[in-house]
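*Asks:* Okay, here's the structure, questions in a sec.
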Amino acid sequence: MKTRSWLFVPGDSEAKLAKAPSVGADIVVVDLEDAVALPAKPAARDLAARWLGAHSRQVIAGGRFGRFVRINSLSSHLWRDDLLAVMQGQPDGIMVPKVAGPDQLRILAAEIYEQEQRNAIPSGSTRILPQLGETPLSALSIPDYAREELPRLAGLTWGAEDLASAIGAARKRDTAGQWTDVFRMVRAQVLLAARSRNLPPIDTIHADYRDLSALKAIAEASCADGFAGMLAIHPDQVPFINAAFTPTPEQVEQAQAIADLFAANPGAGALPLDGRMVEKPHLDWARRILGSAG
């Protein structure tokens with residue numbers, strides 16, 4: 001499953017859910033958290049479960065899209081009801097916001113296991129994508145994910161909007177458009193923790209969905225920094241994110257040449273290619289590019 005674009009869709013909007021499969025997102029995230037007001041959450045759970053079931057075999061250009069659900073935070077009284085409802089639709093994964101630390105994910109994983117048994121879902125097949133760094137405590141716990149065994153993880157992502165609110169920040173980016181220190185620190189830690197466990201790091205949203213030129217530049221920079229994908233809050237953002245995280249033909253050609261060279265010379269540590277030496281880090285890059293290219 002590709003992880004370039006993760007499109008949030010409000011769980012209480014039948015029209016937006018109906019449109020979502022045709023947008024081209026690699027993963028559709030049915031949102032039961034911020035996008036749904038408290039009185040609408042019970043109806044949104046039912047709608048989400050029906051949508052998940054209806055699209056369990058959905059195929060779009062480029063392959064089957066992933067079906068995730070963002071439940072409410074594990075510190076709320078809502079998440080268990082969210083999980084009980086949506087697991088009937090056999091989602092591919094659960095996104096969970098405002099995660100305080102790995103111990104919370106173990107609680108969620110245990111609940112998911114119980115629901116897998118009740119709904120005849122293969123054990124361990126439901127993945128978890130935590131949104132990290134949305135509170136000060138969550139931000140301080142990010143390095144723990146590099147050490148903890150959490151086999152259900154589908155990747156790691158982070159949230160800048162909630163973090164700004166939690167710390168009382170009046171800005172997230174400086175006058176040059178770059179993340180300010182706290183946000184840059186959280187983003188870097190998510191990237192490092194994910195890559196240390198061979199998981200895809202997913203960058204946060206670009207909130208101004210109308211500014212597509214800025215989104216294009218941000219997504220391209222995110223890919224260049226090492227991220228594997230990006231969250232989206234509007235369908236118009238999806239093509240730009242997909243393009244930014246799709247390797248160019250030149251990158252694929254170079255990656256294939258490196259992979260072929262090492263395949264022809266098993267056991268070699270360093271090899272010459274086009275006037276330069278390539279080593280294991282180059283092979284790792286090549287494999288990642290070829291994997292992203294499908």
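Ordered as shown in the structure tokens, chains take letters A, B, and onward, while each chain numbers its residues from 1 and ligands are numbered from 1 in the order shown.
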Find the residues near A:Phe65: any atom within 12 Å, counting only C-alpha atoms, skip ones fewer than 4 places away on the same chain, and give them as a list in words.
*Replies:*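 These residues fall inside the cut-off: Met1, Lys2, Thr3, Arg4, Ser5, Trp6, Leu7, Ala20, Pro21, Ser22, Val23, Gly24, Ala25, Asp26, Ile27, Val28, Val29, Leu52, His55, Ser56, Arg57, Gln58, Val59, Ile60, Ala61, Pro91, Asp92 and Gly93 of chain A.
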*Asks:* Take the selection from the previous step and output its residues with C-alpha atoms, as a short mmCIF file (atom, residue, chain, number, x, y, z; two decimals), in the first residue's frame.
*Replies:*
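Output (part34.cif):
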```
data_model
loop_
_atom_site.label_atom_id
_atom_site.label_comp_id
_atom_site.auth_asym_id
_atom_site.auth_seq_id
_atom_site.Cartn_x
_atom_site.Cartn_y
_atom_site.Cartn_z
CA MET A 1 0.00 0.00 0.00
CA LYS A 2 1.42 3.38 -1.00
CA THR A 3 1.62 6.05 1.70
CA ARG A 4 2.01 9.28 -0.28
CA SER A 5 -1.32 10.96 0.44
CA TRP A 6 -3.62 10.55 3.46
CA LEU A 7 -6.89 12.39 2.85
CA ALA A 20 -13.42 10.21 -1.62
CA PRO A 21 -12.65 6.99 -3.56
CA SER A 22 -12.38 8.89 -6.85
CA VAL A 23 -9.95 11.55 -5.61
CA GLY A 24 -6.82 9.44 -5.99
CA ALA A 25 -5.57 9.47 -2.41
CA ASP A 26 -3.46 6.49 -1.42
CA ILE A 27 -5.27 6.34 1.92
CA VAL A 28 -8.66 7.77 2.87
CA VAL A 29 -8.97 8.64 6.56
CA LEU A 52 -15.83 0.95 5.18
CA HIS A 55 -15.50 0.06 -0.08
CA SER A 56 -13.66 -2.98 1.22
CA ARG A 57 -12.95 -4.03 -2.39
CA GLN A 58 -12.69 -0.58 -3.95
CA VAL A 59 -10.03 -0.26 -6.65
CA ILE A 60 -8.79 3.02 -8.11
CA ALA A 61 -6.13 4.04 -10.61
CA PRO A 91 -10.69 -0.90 8.36
CA ASP A 92 -7.10 -1.26 7.25
CA GLY A 93 -6.00 0.90 10.13
#
```
*Asks:* As a list in words, please: the residues near A:Leu212 (cut-off 12 Å, only C-alpha atoms, same-chain neighbours under 3 positions excluded).
*Replies:*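 Close residues of A:Leu212: His206, Ala207, Asp208, Tyr209, Leu215, Lys216, Ala217, Ile218, Ala219, Ala232, His234, Pro235, Asp236, Gln237, Val238, Pro239, Phe240 and Ile241 of chain A.
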*Asks:* Rounded to one decimal in Å, what is the spacing between atom CA of A:Val190 and atom CA of A:Ala110?
*Replies:* 23.8 Å
*Asks:* Which distance in Å separates atom CA of A:Ser73 and atom CA of A:Phe245, to one decimal?
*Replies:*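 Atom CA of A:Ser73 sits 28.8 Å away from atom CA of A:Phe245.
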*Asks:* Using only C-alpha atoms, pick whichever of A:Leu38, A:Leu156, A:Ile128, A:Ala49 has the shortest atom-to-atom distance to A:Glu14.
*Replies:*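 Ranking A:Leu38, A:Leu156, A:Ile128, A:Ala49 by distance to A:Glu14, first place goes to A:Ala49.
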*Asks:* Might you pull out every residue within 8 Å of A:Val252, with only C-alpha atoms counted and same-chain residues fewer than 3 positions away left off, and present them as a list of chain:residue names?
*Replies:*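 Residues meeting the cut-off are A:Pro247, A:Thr248, A:Pro249, A:Ala255, A:Gln256, A:Ala286, A:Ile289, A:Leu290, A:Ala293.
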*Asks:* Looking at only C-alpha atoms, which of A:Ala170, A:Ala263, A:Leu137, A:Leu132 is the one that sits closest to A:Leu191?
*Replies:* A:Leu132
*Asks:* Could you pull the residues within 6 Å of A:Met230, counting only C-alpha atoms, minus those fewer than 6 positions along the same chain, as a list in words?
*Replies:*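 The filter keeps Ser5, Ile202, Asp203 and Thr204 of chain A.
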*Asks:* Let's have the selection written as a PDB file, in the first residue's frame, with N, CA and C atoms.
*Replies:*
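Printed below is part.pdb as written:
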```pdb
ATOM      1  N   SER A   5      -0.278  10.010   0.068  1.00  0.00           N
ATOM      2  CA  SER A   5      -1.324  10.965   0.439  1.00  0.00           C
ATOM      3  C   SER A   5      -2.352  10.317   1.354  1.00  0.00           C
ATOM      4  N   ILE A 202       5.179  10.312   8.052  1.00  0.00           N
ATOM      5  CA  ILE A 202       4.159  11.045   7.297  1.00  0.00           C
ATOM      6  C   ILE A 202       4.105  12.475   7.822  1.00  0.00           C
ATOM      7  N   ASP A 203       4.294  13.440   6.940  1.00  0.00           N
ATOM      8  CA  ASP A 203       4.324  14.843   7.355  1.00  0.00           C
ATOM      9  C   ASP A 203       2.912  15.362   7.613  1.00  0.00           C
ATOM     10  N   THR A 204       2.833  16.434   8.377  1.00  0.00           N
ATOM     11  CA  THR A 204       1.549  16.997   8.791  1.00  0.00           C
ATOM     12  C   THR A 204       0.874  17.771   7.660  1.00  0.00           C
TER      13      THR A 204
END
```
*Asks:* When DSSP works through the backbone of this structure, what residues of stretch 21-243 of chain A end up as strand (DSSP E or B), shown as a ChimeraX atom specification?
*Replies:* /A:27-31,60,63,66-70,93-96,127-132,153,156-158,173,179,201-203,229-232
*Asks:* May I have the residues from that selection written out with N, CA, C and O atoms, as a short mmCIF file (atom, residue, chain, number, x, y, z; two decimals), in the first residue's frame?
*Replies:*
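After the write, part30.cif holds the following:
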```cif
data_model
loop_
_atom_site.label_atom_id
_atom_site.label_comp_id
_atom_site.auth_asym_id
_atom_site.auth_seq_id
_atom_site.Cartn_x
_atom_site.Cartn_y
_atom_site.Cartn_z
N ILE A 27 -4.54 6.77 0.72
CA ILE A 27 -5.27 6.34 1.92
C ILE A 27 -6.33 7.38 2.25
O ILE A 27 -6.05 8.58 2.32
N VAL A 28 -7.56 6.92 2.44
CA VAL A 28 -8.66 7.77 2.87
C VAL A 28 -8.83 7.58 4.38
O VAL A 28 -8.94 6.44 4.86
N VAL A 29 -8.83 8.68 5.11
CA VAL A 29 -8.97 8.64 6.56
C VAL A 29 -10.33 9.21 6.93
O VAL A 29 -10.56 10.42 6.83
N VAL A 30 -11.25 8.35 7.33
CA VAL A 30 -12.57 8.80 7.78
C VAL A 30 -12.39 9.40 9.16
O VAL A 30 -11.96 8.73 10.10
N ASP A 31 -12.70 10.68 9.29
CA ASP A 31 -12.41 11.42 10.53
C ASP A 31 -13.61 11.46 11.46
O ASP A 31 -14.67 12.00 11.11
N ILE A 60 -8.92 1.77 -7.36
CA ILE A 60 -8.79 3.02 -8.11
C ILE A 60 -7.53 2.96 -8.94
O ILE A 60 -6.73 2.05 -8.84
N GLY A 63 -4.08 1.36 -7.95
CA GLY A 63 -4.21 0.29 -6.97
C GLY A 63 -5.24 0.60 -5.91
O GLY A 63 -5.84 1.66 -5.87
N GLY A 66 -6.09 2.61 0.80
CA GLY A 66 -6.23 2.19 2.18
C GLY A 66 -7.40 2.88 2.84
O GLY A 66 -7.75 4.03 2.52
N ARG A 67 -8.03 2.20 3.80
CA ARG A 67 -9.18 2.73 4.52
C ARG A 67 -8.83 2.81 6.01
O ARG A 67 -8.80 1.81 6.71
N PHE A 68 -8.54 4.02 6.47
CA PHE A 68 -8.24 4.26 7.88
C PHE A 68 -9.38 5.07 8.51
O PHE A 68 -10.15 5.72 7.80
N VAL A 69 -9.45 5.03 9.81
CA VAL A 69 -10.40 5.84 10.56
C VAL A 69 -9.64 6.57 11.66
O VAL A 69 -8.86 5.94 12.40
N ARG A 70 -9.83 7.90 11.75
CA ARG A 70 -9.27 8.61 12.89
C ARG A 70 -10.32 8.64 14.00
O ARG A 70 -11.38 9.26 13.86
N GLY A 93 -6.75 0.35 9.01
CA GLY A 93 -6.00 0.90 10.13
C GLY A 93 -6.78 1.96 10.89
O GLY A 93 -7.81 2.44 10.44
N ILE A 94 -6.23 2.29 12.05
CA ILE A 94 -6.80 3.30 12.93
C ILE A 94 -5.77 4.39 13.13
O ILE A 94 -4.62 4.12 13.51
N MET A 95 -6.15 5.63 12.86
CA MET A 95 -5.33 6.78 13.20
C MET A 95 -5.80 7.30 14.55
O MET A 95 -7.00 7.43 14.79
N VAL A 96 -4.86 7.58 15.44
CA VAL A 96 -5.23 8.03 16.77
C VAL A 96 -4.50 9.34 17.09
O VAL A 96 -3.28 9.42 16.96
N ARG A 127 -3.76 -1.90 11.35
CA ARG A 127 -2.58 -1.12 11.70
C ARG A 127 -2.97 0.12 12.49
O ARG A 127 -4.15 0.50 12.56
N ILE A 128 -1.96 0.77 13.07
CA ILE A 128 -2.17 1.98 13.86
C ILE A 128 -1.22 3.07 13.36
O ILE A 128 -0.02 2.82 13.19
N LEU A 129 -1.76 4.26 13.11
CA LEU A 129 -0.94 5.43 12.79
C LEU A 129 -1.17 6.47 13.88
O LEU A 129 -2.23 7.10 13.92
N PRO A 130 -0.21 6.68 14.78
CA PRO A 130 -0.37 7.68 15.82
C PRO A 130 0.03 9.07 15.34
O PRO A 130 1.01 9.23 14.61
N GLN A 131 -0.75 10.06 15.77
CA GLN A 131 -0.37 11.46 15.56
C GLN A 131 0.37 11.92 16.80
O GLN A 131 -0.19 12.01 17.89
N LEU A 132 1.65 12.23 16.63
CA LEU A 132 2.52 12.56 17.75
C LEU A 132 2.75 14.07 17.84
O LEU A 132 2.52 14.81 16.90
N LEU A 153 2.26 -0.68 14.17
CA LEU A 153 2.47 0.65 13.61
C LEU A 153 2.53 0.64 12.09
O LEU A 153 3.26 -0.14 11.49
N LEU A 156 4.51 6.85 11.44
CA LEU A 156 4.37 7.89 12.46
C LEU A 156 4.06 9.20 11.75
O LEU A 156 4.62 9.50 10.70
N THR A 157 3.16 9.98 12.35
CA THR A 157 2.89 11.32 11.82
C THR A 157 2.79 12.29 12.99
O THR A 157 2.97 11.91 14.15
N TRP A 158 2.55 13.54 12.68
CA TRP A 158 2.52 14.54 13.75
C TRP A 158 1.50 15.61 13.41
O TRP A 158 0.98 15.67 12.29
N ARG A 173 5.26 29.03 11.63
CA ARG A 173 6.35 29.26 10.66
C ARG A 173 6.86 30.69 10.81
O ARG A 173 6.12 31.60 11.23
N TRP A 179 9.42 26.24 9.49
CA TRP A 179 8.92 25.91 10.82
C TRP A 179 9.77 26.60 11.89
O TRP A 179 11.00 26.67 11.77
N PRO A 201 7.57 7.81 7.66
CA PRO A 201 7.23 9.05 8.35
C PRO A 201 6.28 9.87 7.47
O PRO A 201 6.55 10.06 6.29
N ILE A 202 5.18 10.31 8.05
CA ILE A 202 4.16 11.05 7.30
C ILE A 202 4.11 12.47 7.82
O ILE A 202 3.86 12.70 9.02
N ASP A 203 4.29 13.44 6.94
CA ASP A 203 4.32 14.84 7.35
C ASP A 203 2.91 15.36 7.61
O ASP A 203 1.92 14.82 7.12
N GLY A 229 5.29 10.57 2.93
CA GLY A 229 3.95 10.99 2.55
C GLY A 229 3.52 12.19 3.37
O GLY A 229 4.29 12.71 4.19
N MET A 230 2.26 12.60 3.16
CA MET A 230 1.78 13.82 3.79
C MET A 230 0.26 13.73 3.98
O MET A 230 -0.44 13.14 3.16
N LEU A 231 -0.22 14.31 5.07
CA LEU A 231 -1.65 14.38 5.33
C LEU A 231 -2.28 15.46 4.46
O LEU A 231 -1.65 16.48 4.18
N ALA A 232 -3.54 15.24 4.06
CA ALA A 232 -4.26 16.21 3.23
C ALA A 232 -5.63 16.48 3.86
O ALA A 232 -6.25 15.57 4.42
#
```
*Asks:* Name the closest residue to A:Pro10 among the candidates A:Ile233, A:Ala228, A:Ala270, A:Ala257; distances are taken between atoms, counting only C-alpha atoms.
*Replies:*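 For A:Pro10, the nearest of the candidates is A:Ile233.
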*Asks:* Just list as a ChimeraX atom specification whatever in stretch 78-157 of chain A DSSP marks as alpha helix (DSSP H).
*Replies:* /A:79-86,102-118,136-140
*Asks:* State, in Å with one decimal place, the distance from atom CA of A:Ile142 to atom CA of A:Gly124.
*Replies:* 23.2 Å
*Asks:* What's around A:Leu140 at 12 Å? Count only C-alpha atoms, leave out sequence neighbours fewer than 3 positions away in its own chain, and write the answer as a compact mmCIF listing (two decimals) with all heavy atoms, in the first residue's frame.
*Replies:*
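Result file selection.txt:
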```txt
# COMPACT_ATOMS: atom_id res chain seq x y z
N VAL A 99 -1.60 11.28 20.98
CA VAL A 99 -1.07 10.13 21.72
C VAL A 99 -0.02 10.61 22.72
O VAL A 99 0.92 11.31 22.37
CB VAL A 99 -0.45 9.10 20.76
CG1 VAL A 99 0.13 7.93 21.53
CG2 VAL A 99 -1.50 8.62 19.77
N ALA A 100 -0.19 10.21 23.99
CA ALA A 100 0.73 10.66 25.04
C ALA A 100 2.02 9.87 25.04
O ALA A 100 3.07 10.38 25.45
CB ALA A 100 0.05 10.56 26.40
N GLY A 101 1.98 8.60 24.59
CA GLY A 101 3.18 7.77 24.60
C GLY A 101 2.86 6.36 24.19
O GLY A 101 1.69 5.99 24.01
N PRO A 102 3.88 5.52 24.04
CA PRO A 102 3.66 4.14 23.59
C PRO A 102 2.72 3.32 24.46
O PRO A 102 2.02 2.44 23.95
CB PRO A 102 5.08 3.55 23.61
CG PRO A 102 5.98 4.72 23.40
CD PRO A 102 5.32 5.84 24.13
N LEU A 132 1.65 12.23 16.63
CA LEU A 132 2.52 12.56 17.75
C LEU A 132 2.75 14.07 17.84
O LEU A 132 2.52 14.81 16.90
CB LEU A 132 3.86 11.84 17.58
CG LEU A 132 3.78 10.33 17.34
CD1 LEU A 132 5.18 9.74 17.20
CD2 LEU A 132 3.00 9.63 18.44
N GLY A 133 3.21 14.48 19.01
CA GLY A 133 3.64 15.86 19.19
C GLY A 133 2.53 16.87 19.26
O GLY A 133 2.79 18.07 19.14
N GLU A 134 1.29 16.43 19.47
CA GLU A 134 0.18 17.39 19.51
C GLU A 134 -0.01 18.01 20.89
O GLU A 134 -0.80 18.94 21.05
CB GLU A 134 -1.11 16.71 19.05
CG GLU A 134 -1.07 16.30 17.59
CD GLU A 134 -2.38 15.75 17.10
OE1 GLU A 134 -2.82 14.70 17.61
OE2 GLU A 134 -2.99 16.39 16.22
N THR A 135 0.70 17.50 21.87
CA THR A 135 0.74 18.08 23.21
C THR A 135 2.20 18.09 23.65
O THR A 135 3.03 17.35 23.11
CB THR A 135 -0.09 17.26 24.22
OG1 THR A 135 0.55 15.99 24.42
CG2 THR A 135 -1.52 17.05 23.73
N PRO A 136 2.55 18.90 24.64
CA PRO A 136 3.94 18.89 25.11
C PRO A 136 4.40 17.51 25.57
O PRO A 136 5.51 17.08 25.25
CB PRO A 136 3.92 19.89 26.27
CG PRO A 136 2.83 20.85 25.92
CD PRO A 136 1.77 20.00 25.27
N LEU A 137 3.55 16.79 26.30
CA LEU A 137 3.92 15.45 26.76
C LEU A 137 4.16 14.51 25.59
O LEU A 137 5.12 13.74 25.58
CB LEU A 137 2.82 14.88 27.67
CG LEU A 137 3.07 13.47 28.22
CD1 LEU A 137 4.33 13.44 29.06
CD2 LEU A 137 1.86 13.01 29.05
N PRO A 143 10.98 10.22 21.05
CA PRO A 143 12.12 9.29 20.95
C PRO A 143 11.82 7.88 21.45
O PRO A 143 12.49 6.92 21.04
CB PRO A 143 13.19 9.97 21.81
CG PRO A 143 12.86 11.42 21.76
CD PRO A 143 11.36 11.46 21.76
N ASP A 144 10.81 7.71 22.31
CA ASP A 144 10.47 6.39 22.82
C ASP A 144 10.07 5.43 21.71
O ASP A 144 10.24 4.21 21.84
CB ASP A 144 9.33 6.48 23.85
CG ASP A 144 9.73 7.23 25.10
OD1 ASP A 144 10.95 7.40 25.33
OD2 ASP A 144 8.83 7.65 25.86
N TYR A 145 9.52 5.96 20.62
CA TYR A 145 9.05 5.09 19.54
C TYR A 145 10.19 4.44 18.78
O TYR A 145 9.98 3.46 18.07
CB TYR A 145 8.16 5.89 18.58
CG TYR A 145 6.88 6.34 19.25
CD1 TYR A 145 6.81 7.55 19.95
CD2 TYR A 145 5.74 5.54 19.22
CE1 TYR A 145 5.66 7.95 20.58
CE2 TYR A 145 4.58 5.94 19.85
CZ TYR A 145 4.55 7.14 20.54
OH TYR A 145 3.40 7.53 21.19
N LEU A 163 -0.59 21.25 18.44
CA LEU A 163 0.59 21.62 19.22
C LEU A 163 0.65 23.12 19.43
O LEU A 163 0.95 23.60 20.53
CB LEU A 163 1.86 21.12 18.53
CG LEU A 163 3.17 21.49 19.22
CD1 LEU A 163 3.22 20.93 20.64
CD2 LEU A 163 4.37 20.98 18.41
N VAL A 182 10.23 24.81 17.88
CA VAL A 182 9.51 23.70 18.51
C VAL A 182 8.93 22.77 17.44
O VAL A 182 9.05 21.54 17.54
CB VAL A 182 8.40 24.21 19.43
CG1 VAL A 182 7.49 23.06 19.87
CG2 VAL A 182 9.00 24.90 20.65
N MET A 185 11.62 20.80 15.72
CA MET A 185 12.12 19.73 16.58
C MET A 185 11.19 18.52 16.55
O MET A 185 11.63 17.37 16.40
CB MET A 185 12.27 20.22 18.01
CG MET A 185 12.76 19.15 18.98
SD MET A 185 12.55 19.60 20.72
CE MET A 185 10.77 19.39 20.90
N VAL A 186 9.89 18.76 16.69
CA VAL A 186 8.92 17.67 16.68
C VAL A 186 8.95 16.95 15.34
O VAL A 186 8.98 15.71 15.27
CB VAL A 186 7.51 18.21 16.98
CG1 VAL A 186 6.44 17.16 16.69
CG2 VAL A 186 7.42 18.67 18.43
N ARG A 187 8.95 17.70 14.27
CA ARG A 187 8.96 17.11 12.92
C ARG A 187 10.19 16.24 12.72
O ARG A 187 10.11 15.12 12.20
CB ARG A 187 8.90 18.23 11.89
CG ARG A 187 8.89 17.79 10.44
CD ARG A 187 8.72 19.02 9.55
NE ARG A 187 8.65 18.68 8.13
CZ ARG A 187 9.68 18.66 7.31
NH1 ARG A 187 10.91 18.95 7.77
NH2 ARG A 187 9.53 18.35 6.03
N GLN A 189 12.06 14.77 14.98
CA GLN A 189 12.03 13.58 15.83
C GLN A 189 11.10 12.51 15.26
O GLN A 189 11.39 11.31 15.34
CB GLN A 189 11.61 13.95 17.25
CG GLN A 189 12.67 14.70 18.01
CD GLN A 189 12.30 14.85 19.47
OE1 GLN A 189 12.96 14.31 20.36
NE2 GLN A 189 11.24 15.58 19.74
N VAL A 190 9.98 12.93 14.69
CA VAL A 190 9.07 11.98 14.05
C VAL A 190 9.76 11.30 12.88
O VAL A 190 9.69 10.07 12.71
CB VAL A 190 7.78 12.68 13.60
CG1 VAL A 190 6.97 11.80 12.66
CG2 VAL A 190 6.93 13.06 14.81
```
*Asks:* Need to verify the contact set: A:Asp82, 8 Å, only C-alpha atoms, exclusion of same-chain residues closer than 6 positions in sequence. Can you return it as a PDB file with N, CA, C and O atoms, in the first residue's frame?
*Replies:*
```pdb
ATOM      1  N   LEU A  32     -13.444  10.883  12.638  1.00  0.00           N
ATOM      2  CA  LEU A  32     -14.475  10.951  13.683  1.00  0.00           C
ATOM      3  C   LEU A  32     -14.086  11.925  14.788  1.00  0.00           C
ATOM      4  O   LEU A  32     -14.845  12.103  15.745  1.00  0.00           O
ATOM      5  N   ARG A  45     -20.271   7.492  13.338  1.00  0.00           N
ATOM      6  CA  ARG A  45     -19.731   6.132  13.522  1.00  0.00           C
ATOM      7  C   ARG A  45     -20.460   5.134  12.623  1.00  0.00           C
ATOM      8  O   ARG A  45     -19.835   4.296  11.969  1.00  0.00           O
ATOM      9  N   ILE A  71     -10.011   7.943  15.084  1.00  0.00           N
ATOM     10  CA  ILE A  71     -10.899   7.925  16.243  1.00  0.00           C
ATOM     11  C   ILE A  71     -10.592   9.121  17.129  1.00  0.00           C
ATOM     12  O   ILE A  71      -9.635   9.872  16.875  1.00  0.00           O
ATOM     13  N   ASN A  72     -11.381   9.297  18.176  1.00  0.00           N
ATOM     14  CA  ASN A  72     -11.108  10.355  19.137  1.00  0.00           C
ATOM     15  C   ASN A  72      -9.950   9.938  20.044  1.00  0.00           C
ATOM     16  O   ASN A  72      -9.573   8.763  20.117  1.00  0.00           O
TER      17      ASN A  72
END
```
*Asks:* For A:Arg80, which residue among A:Glu114, A:Asp162, A:Glu279, A:Asp274 is the nearest when counting only C-alpha atoms?
*Replies:* A:Glu114
